[in-house]
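*Asks:* Take a look at this one; I'll ask things after.
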Amino acid sequence: MIPSSPRMKRTPPERSGPIRNPMASRSQGHVESGLPCDPISAAGATVCGVLESGVRTAYAVIDEYMWRGQNAARATYNDFYKRGPMNEDRPNFGAYNNPWSGGYNNPGNPISMMLEQWIMAMRMWSQAVSSVMPGGFPQPGMYPAAFNEPAMPSVTIKVSCASSVEVELNLYPGLDQARLVCEELRAEDFSGARFSEPVSLVREGGVVRATVKVGGAQPKGRYRALVRRETDRSVVGELVVTVL
Amino acid sequence: MSMPDGSLVSAVLREYGEATRGLLFQYLPAAEPHRYLYDLVADYPRRGGRTFRPSLCIATARAFGAPMELALRTAVSIEMIHNAMLIHDDIEDESEQRRGKPTMHVAQGVPIAINVGDVLSLLAMRPLLDNRGFLGPDISLRILEETERMARESAEGQAFELGWRRDNVSNVGEADYLLMVLKKTCWLATIHPSRMGALIGSRGTIDLDRCIRFGFFLGAAFQIQDDLLNLDGDPKAYGKELNGDIHEGKRTLMLIHLLENATGPERDRVFAMLRQARNSRSHEEVMWIRERMDFYGSIDYARQVAHGLAGAAQYEFEQLYGILPESRDKRFLASLPVWVIERN
């Protein structure tokens with residue numbers, strides 16, 4: 001008979017619970033107040049219990065608030081504008097295909113990934129409770145499809161100047177092929193300083209060419225000007241020039 | 001190299017705050033009566049403040065791609081309404097200090113302070129009317145509608161709090177508190193600025209109700225942190241009297257937690273103090289309540305709830321803004337949940 005040797009034992013790995021605190025990823029499992037958020041320890045369990053309880057209550061409050069608002073909106077729905085106060089009657093309300101979603105699936109955001117399951121459970125819990133409410137609970141999917149804009153036009157900027165400048169041209173998404181005009185560049189600090197030379201914006205196909213001339217005597221500072229569509233004068237963007 | 005979150009938030013608040021104040025003062029009339037009205041209308045805005053609300057509006061609009069100019073008038077209006085409400089809140093709460101100086105009604109008397117608050121909220125309509133030249137009539141009208149709703153929600157929240165204090169209501173729970181905060185604080189501080197930024201930035205193409213959840217969690221964490229600073233903050237940086245909320249009998253999360261955990265005699269003692277008029281409440285009683293909050297862990301409890309709400313705000317941020325292109329403004333918005341619970 002083979003003599004038995006003492007059994008080898010592996011030390012169980014230290015368990016780690018789900019991180020349920022936004023500070024935890026920044027402070028190695030400890031919240032900034034110095035309280036541990038470790039579900040194994042008694043104190044940590046208390047902390048995490050508080051977090052869960054507080055957030056669960058908050059989700060219940062906001063879910064009921066939205067539900068009541070949607071019911072109120074149905075009662076006072078304004079057909080002309082196609083929007084009640086709670087927007088639930090918009091044509092895209094309730095769409096499950098949400099082009100905005102996916103942020104929490106982003107591997108670059110570990111906090112959201114860790115919070116996802118926990119918070120989804122909070123939502124399910126509050127919806128389950130709410131399902132026994134009179135009148136039921138609004139179906140999930142208050143995330144309508146939207147913001148599907150065409151591509152931005154390309155921009156080229158030509159600057160002639162005696163001093164160093166930075167030029168930034170911001171155009172609204174979805175700009176069409178309309179001709180553009182740029183208003184007078186004025187100092188952002190409301191000092192009254194202006195650019196003496198007008199800015200030229202020329203649309204050539206899908207490219208916007210901006211020409212900015214900066215005189216040698218132009219005071220330093222940030223200058224802003226609105227960019228408008230020439231036909232209806234609606235605002236479509238902004239030009240920012242910083243004279244350094 | 002990207003800035004640390006706190007520096008980024010400070011830089012954006014400073015930049016958008018300066019732009020907001022620069023235009024705000026242009027909307028304040030330089031006319032008679034100076035002494036009894038228009039000089040006073042400029043008083044609270046001149047005292048500074050973080051300009052968190054207008055910055056949130058501008059940053060949201062810019063995160064969608066809109067130029068700052070388009071959101072600036074709405075941001076100015078939000079800041080003016082905020083200051084107008086502060087004047088009235090200080091009267092209702094019988095507060096003594098605001099941003100390090102005596103409150104308007106302490107310095108000028110209640111009747112004049114009420115009038116100044118009224119006028120400031122009316123003046124806040126002018127930049128919204130001026131929006132027509134920048135945003136067109138449809139979006140400008142929607143902003144006016146939204147402003148009316150925000151004002152109504154805020155007043156309803158304030159009504160809850162004032163009513164609970166007047167009637168010394170004893171059964172205010174955590175959910176009641178959060179609903180009150182949703183209306184009283186979150187609508188003006190976070191929900192409305194987010195909705196207006198998204199409305200302007202998307203040119204009215206998105207469902208604004210999607211901003212409510214993010215704004216609620218962010219604003220609730222903000223309010224609880226504000227309440228904590230009232231107990232534990234640096235008096236110089238905080239700008240209001242420490243323990244003022246206890247003195248005013250405000251139903252904070254810490255007070256609710258204390259009342260849920262205190263013994264029967266202790267609860268009776270708390271309610272006896274809350275039944276008294278504000279100026280009859282002694283410093284000793286206030287400090288006793290403060291000590292009991294420490295004893296029962298009410299302050300740590302509230303801090304932990306604020307952390308949880310900030311986490312939920314981060315989650316809702318990704319749901320709401322995750323698909324927007326990376327930008328400084330998006331990073332600013334993403335940094336806010338942690339900033340609101342770290343600020344002092």
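Labels for the structure tokens follow display order: chains A, B, ..., residues from 1 in each chain, ligands from 1.
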Using only C-alpha atoms, which residues sit within 7 Å of Gly249 in chain B once same-chain residues fewer than 2 positions away are excluded, as an MDAnalysis selection string?
*Replies:* chainID B and resid 165 245:247 251 274
*Asks:* Take the residues that were just selected and, keeping all heavy atoms, output them as a PDB file, in the first residue's frame.
*Replies:*
ATOM      1  N   ARG B 165     -41.700  70.655   5.060  1.00  0.00           N
ATOM      2  CA  ARG B 165     -41.145  71.399   6.193  1.00  0.00           C
ATOM      3  C   ARG B 165     -42.244  72.116   6.963  1.00  0.00           C
ATOM      4  O   ARG B 165     -42.259  72.119   8.194  1.00  0.00           O
ATOM      5  CB  ARG B 165     -40.089  72.386   5.695  1.00  0.00           C
ATOM      6  CG  ARG B 165     -38.759  71.704   5.456  1.00  0.00           C
ATOM      7  CD  ARG B 165     -37.926  72.391   4.434  1.00  0.00           C
ATOM      8  NE  ARG B 165     -37.600  73.756   4.791  1.00  0.00           N
ATOM      9  CZ  ARG B 165     -36.960  74.598   3.979  1.00  0.00           C
ATOM     10  NH1 ARG B 165     -36.612  74.209   2.770  1.00  0.00           N
ATOM     11  NH2 ARG B 165     -36.680  75.806   4.353  1.00  0.00           N
ATOM     12  N   ASP B 245     -28.624  73.359   6.214  1.00  0.00           N
ATOM     13  CA  ASP B 245     -29.774  72.518   5.840  1.00  0.00           C
ATOM     14  C   ASP B 245     -30.464  71.947   7.076  1.00  0.00           C
ATOM     15  O   ASP B 245     -31.698  71.831   7.113  1.00  0.00           O
ATOM     16  CB  ASP B 245     -29.323  71.379   4.912  1.00  0.00           C
ATOM     17  CG  ASP B 245     -28.978  71.873   3.519  1.00  0.00           C
ATOM     18  OD1 ASP B 245     -29.262  73.052   3.223  1.00  0.00           O
ATOM     19  OD2 ASP B 245     -28.425  71.084   2.733  1.00  0.00           O
ATOM     20  N   ILE B 246     -29.667  71.577   8.080  1.00  0.00           N
ATOM     21  CA  ILE B 246     -30.277  71.068   9.326  1.00  0.00           C
ATOM     22  C   ILE B 246     -31.040  72.211   9.990  1.00  0.00           C
ATOM     23  O   ILE B 246     -32.185  72.040  10.422  1.00  0.00           O
ATOM     24  CB  ILE B 246     -29.199  70.526  10.287  1.00  0.00           C
ATOM     25  CG1 ILE B 246     -28.404  69.396   9.637  1.00  0.00           C
ATOM     26  CG2 ILE B 246     -29.848  70.032  11.582  1.00  0.00           C
ATOM     27  CD1 ILE B 246     -27.267  68.869  10.515  1.00  0.00           C
ATOM     28  N   HIS B 247     -30.410  73.357  10.019  1.00  0.00           N
ATOM     29  CA  HIS B 247     -31.044  74.523  10.640  1.00  0.00           C
ATOM     30  C   HIS B 247     -32.362  74.853   9.942  1.00  0.00           C
ATOM     31  O   HIS B 247     -33.350  75.237  10.585  1.00  0.00           O
ATOM     32  CB  HIS B 247     -30.083  75.716  10.554  1.00  0.00           C
ATOM     33  CG  HIS B 247     -30.229  76.669  11.679  1.00  0.00           C
ATOM     34  ND1 HIS B 247     -29.161  77.215  12.340  1.00  0.00           N
ATOM     35  CD2 HIS B 247     -31.320  77.186  12.289  1.00  0.00           C
ATOM     36  CE1 HIS B 247     -29.580  78.014  13.294  1.00  0.00           C
ATOM     37  NE2 HIS B 247     -30.897  78.015  13.285  1.00  0.00           N
ATOM     38  N   ARG B 251     -35.348  68.269   4.241  1.00  0.00           N
ATOM     39  CA  ARG B 251     -35.388  66.796   4.231  1.00  0.00           C
ATOM     40  C   ARG B 251     -34.299  66.304   3.280  1.00  0.00           C
ATOM     41  O   ARG B 251     -34.531  66.124   2.084  1.00  0.00           O
ATOM     42  CB  ARG B 251     -36.749  66.301   3.769  1.00  0.00           C
ATOM     43  CG  ARG B 251     -37.751  66.000   4.861  1.00  0.00           C
ATOM     44  CD  ARG B 251     -37.962  67.140   5.822  1.00  0.00           C
ATOM     45  NE  ARG B 251     -38.971  66.820   6.844  1.00  0.00           N
ATOM     46  CZ  ARG B 251     -39.326  67.626   7.818  1.00  0.00           C
ATOM     47  NH1 ARG B 251     -38.753  68.808   7.944  1.00  0.00           N
ATOM     48  NH2 ARG B 251     -40.245  67.266   8.691  1.00  0.00           N
ATOM     49  N   LEU B 274     -37.638  70.335  14.627  1.00  0.00           N
ATOM     50  CA  LEU B 274     -38.103  70.739  13.295  1.00  0.00           C
ATOM     51  C   LEU B 274     -39.430  71.496  13.366  1.00  0.00           C
ATOM     52  O   LEU B 274     -39.759  72.268  12.467  1.00  0.00           O
ATOM     53  CB  LEU B 274     -38.247  69.507  12.386  1.00  0.00           C
ATOM     54  CG  LEU B 274     -36.945  68.764  12.056  1.00  0.00           C
ATOM     55  CD1 LEU B 274     -37.235  67.524  11.216  1.00  0.00           C
ATOM     56  CD2 LEU B 274     -35.964  69.675  11.327  1.00  0.00           C
TER      57      LEU B 274
END
*Asks:* Could you list, as a ChimeraX atom specification, every residue within 10 Å of Lys101 in chain B, counting only C-alpha atoms and ignoring same-chain residues fewer than 2 positions away?
*Replies:* /B:44,47,96-99,103-104,106-107,239-240
*Asks:* Selection from above, C-alpha atoms, as a compact mmCIF listing (two decimals), in the first residue's frame, can you write it?
*Replies:*
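Written output follows (out-v2.txt):
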# COMPACT_ATOMS: atom_id res chain seq x y z
CA TYR B 44 -26.00 87.20 -7.87
CA ARG B 47 -20.87 86.80 -7.41
CA GLU B 96 -28.29 83.78 5.23
CA GLN B 97 -25.38 83.38 2.84
CA ARG B 98 -25.03 82.83 -0.88
CA ARG B 99 -21.66 82.55 -2.63
CA THR B 103 -28.31 86.64 0.63
CA MET B 104 -30.35 89.16 -1.34
CA VAL B 106 -30.84 89.68 4.11
CA ALA B 107 -29.06 92.59 2.43
CA GLY B 239 -20.14 79.88 0.22
CA LYS B 240 -23.11 79.04 2.45
*Asks:* Define the interface residues of chain B facing chain A as those within 8 Å, counting only C-alpha atoms, and report them as a PyMOL selection string.
*Replies:* chain B and resi 19+22-23+65-69+134-136+174-175+178-179+202+205-210+213+216-217+300-301+303-305+307-312+314-315+318-324+338
*Asks:* Between B:Arg62, B:Leu199, B:Ser55, B:Thr20, single out the one closest to Asp138 in chain B, counting only C-alpha atoms.
*Replies:* B:Leu199
*Asks:* Could you give me, as a PyMOL selection string, each residue of range 17-258 of chain B that DSSP assigns to strand (DSSP E or B) when run on this structure's backbone?
*Replies:* chain B and resi 97-98+101-102
*Asks:* Looking at only C-alpha atoms, which of A:Thr231, A:Ser163, A:Thr211, A:Ser196 is the one that sits closest to Val243 in chain A?
*Replies:*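 Checking each of A:Thr231, A:Ser163, A:Thr211, A:Ser196 against Val243 in chain A, counting only C-alpha atoms, the winner is A:Ser163.
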*Asks:* Compile the contact shell of Leu244 in chain A as a PyMOL selection string: residues with an atom at most 12 Å away, counting only C-alpha atoms, same-chain residues fewer than 2 positions apart removed.
*Replies:* chain A and resi 161-167+214+216+218-223+241-242
*Asks:* Dump C-alpha atoms for the selected residues as an mmCIF file, in the first residue's frame?
*Replies:*
data_model
loop_
_atom_site.group_PDB
_atom_site.id
_atom_site.type_symbol
_atom_site.label_atom_id
_atom_site.label_comp_id
_atom_site.auth_asym_id
_atom_site.auth_seq_id
_atom_site.Cartn_x
_atom_site.Cartn_y
_atom_site.Cartn_z
ATOM 1 C CA CYS A 161 -1.449 86.468 -42.008
ATOM 2 C CA ALA A 162 1.437 88.298 -40.414
ATOM 3 C CA SER A 163 1.086 86.572 -37.034
ATOM 4 C CA SER A 164 0.347 83.057 -35.818
ATOM 5 C CA VAL A 165 -3.291 82.032 -35.956
ATOM 6 C CA GLU A 166 -5.446 78.981 -35.425
ATOM 7 C CA VAL A 167 -8.529 78.566 -37.569
ATOM 8 C CA VAL A 214 -5.418 88.448 -40.785
ATOM 9 C CA GLY A 216 -0.691 92.547 -38.772
ATOM 10 C CA GLN A 218 -5.243 92.517 -35.514
ATOM 11 C CA PRO A 219 -5.497 92.338 -31.677
ATOM 12 C CA LYS A 220 -4.801 88.949 -30.094
ATOM 13 C CA GLY A 221 -7.731 86.853 -28.966
ATOM 14 C CA ARG A 222 -10.463 84.480 -30.131
ATOM 15 C CA TYR A 223 -12.880 85.658 -32.796
ATOM 16 C CA VAL A 241 -10.063 82.273 -35.457
ATOM 17 C CA THR A 242 -7.557 82.607 -32.647
#
*Asks:* Separation of CA of Val119 in chain B and CA of Glu241 in chain B, in Å?
*Replies:*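 If I compute the distance from CA of Val119 in chain B to CA of Glu241 in chain B, I get 26.7 Å.
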*Asks:* Kindly give the distance, in Å, that separates CA of Pro198 in chain A and CA of Lys158 in chain A, rounded to a single decimal.
*Replies:* 13.2 Å
*Asks:* For CA of Val172 in chain B and CA of Met150 in chain B, determine how far apart the two atoms are, in Å to one decimal place.
*Replies:* 23.8 Å
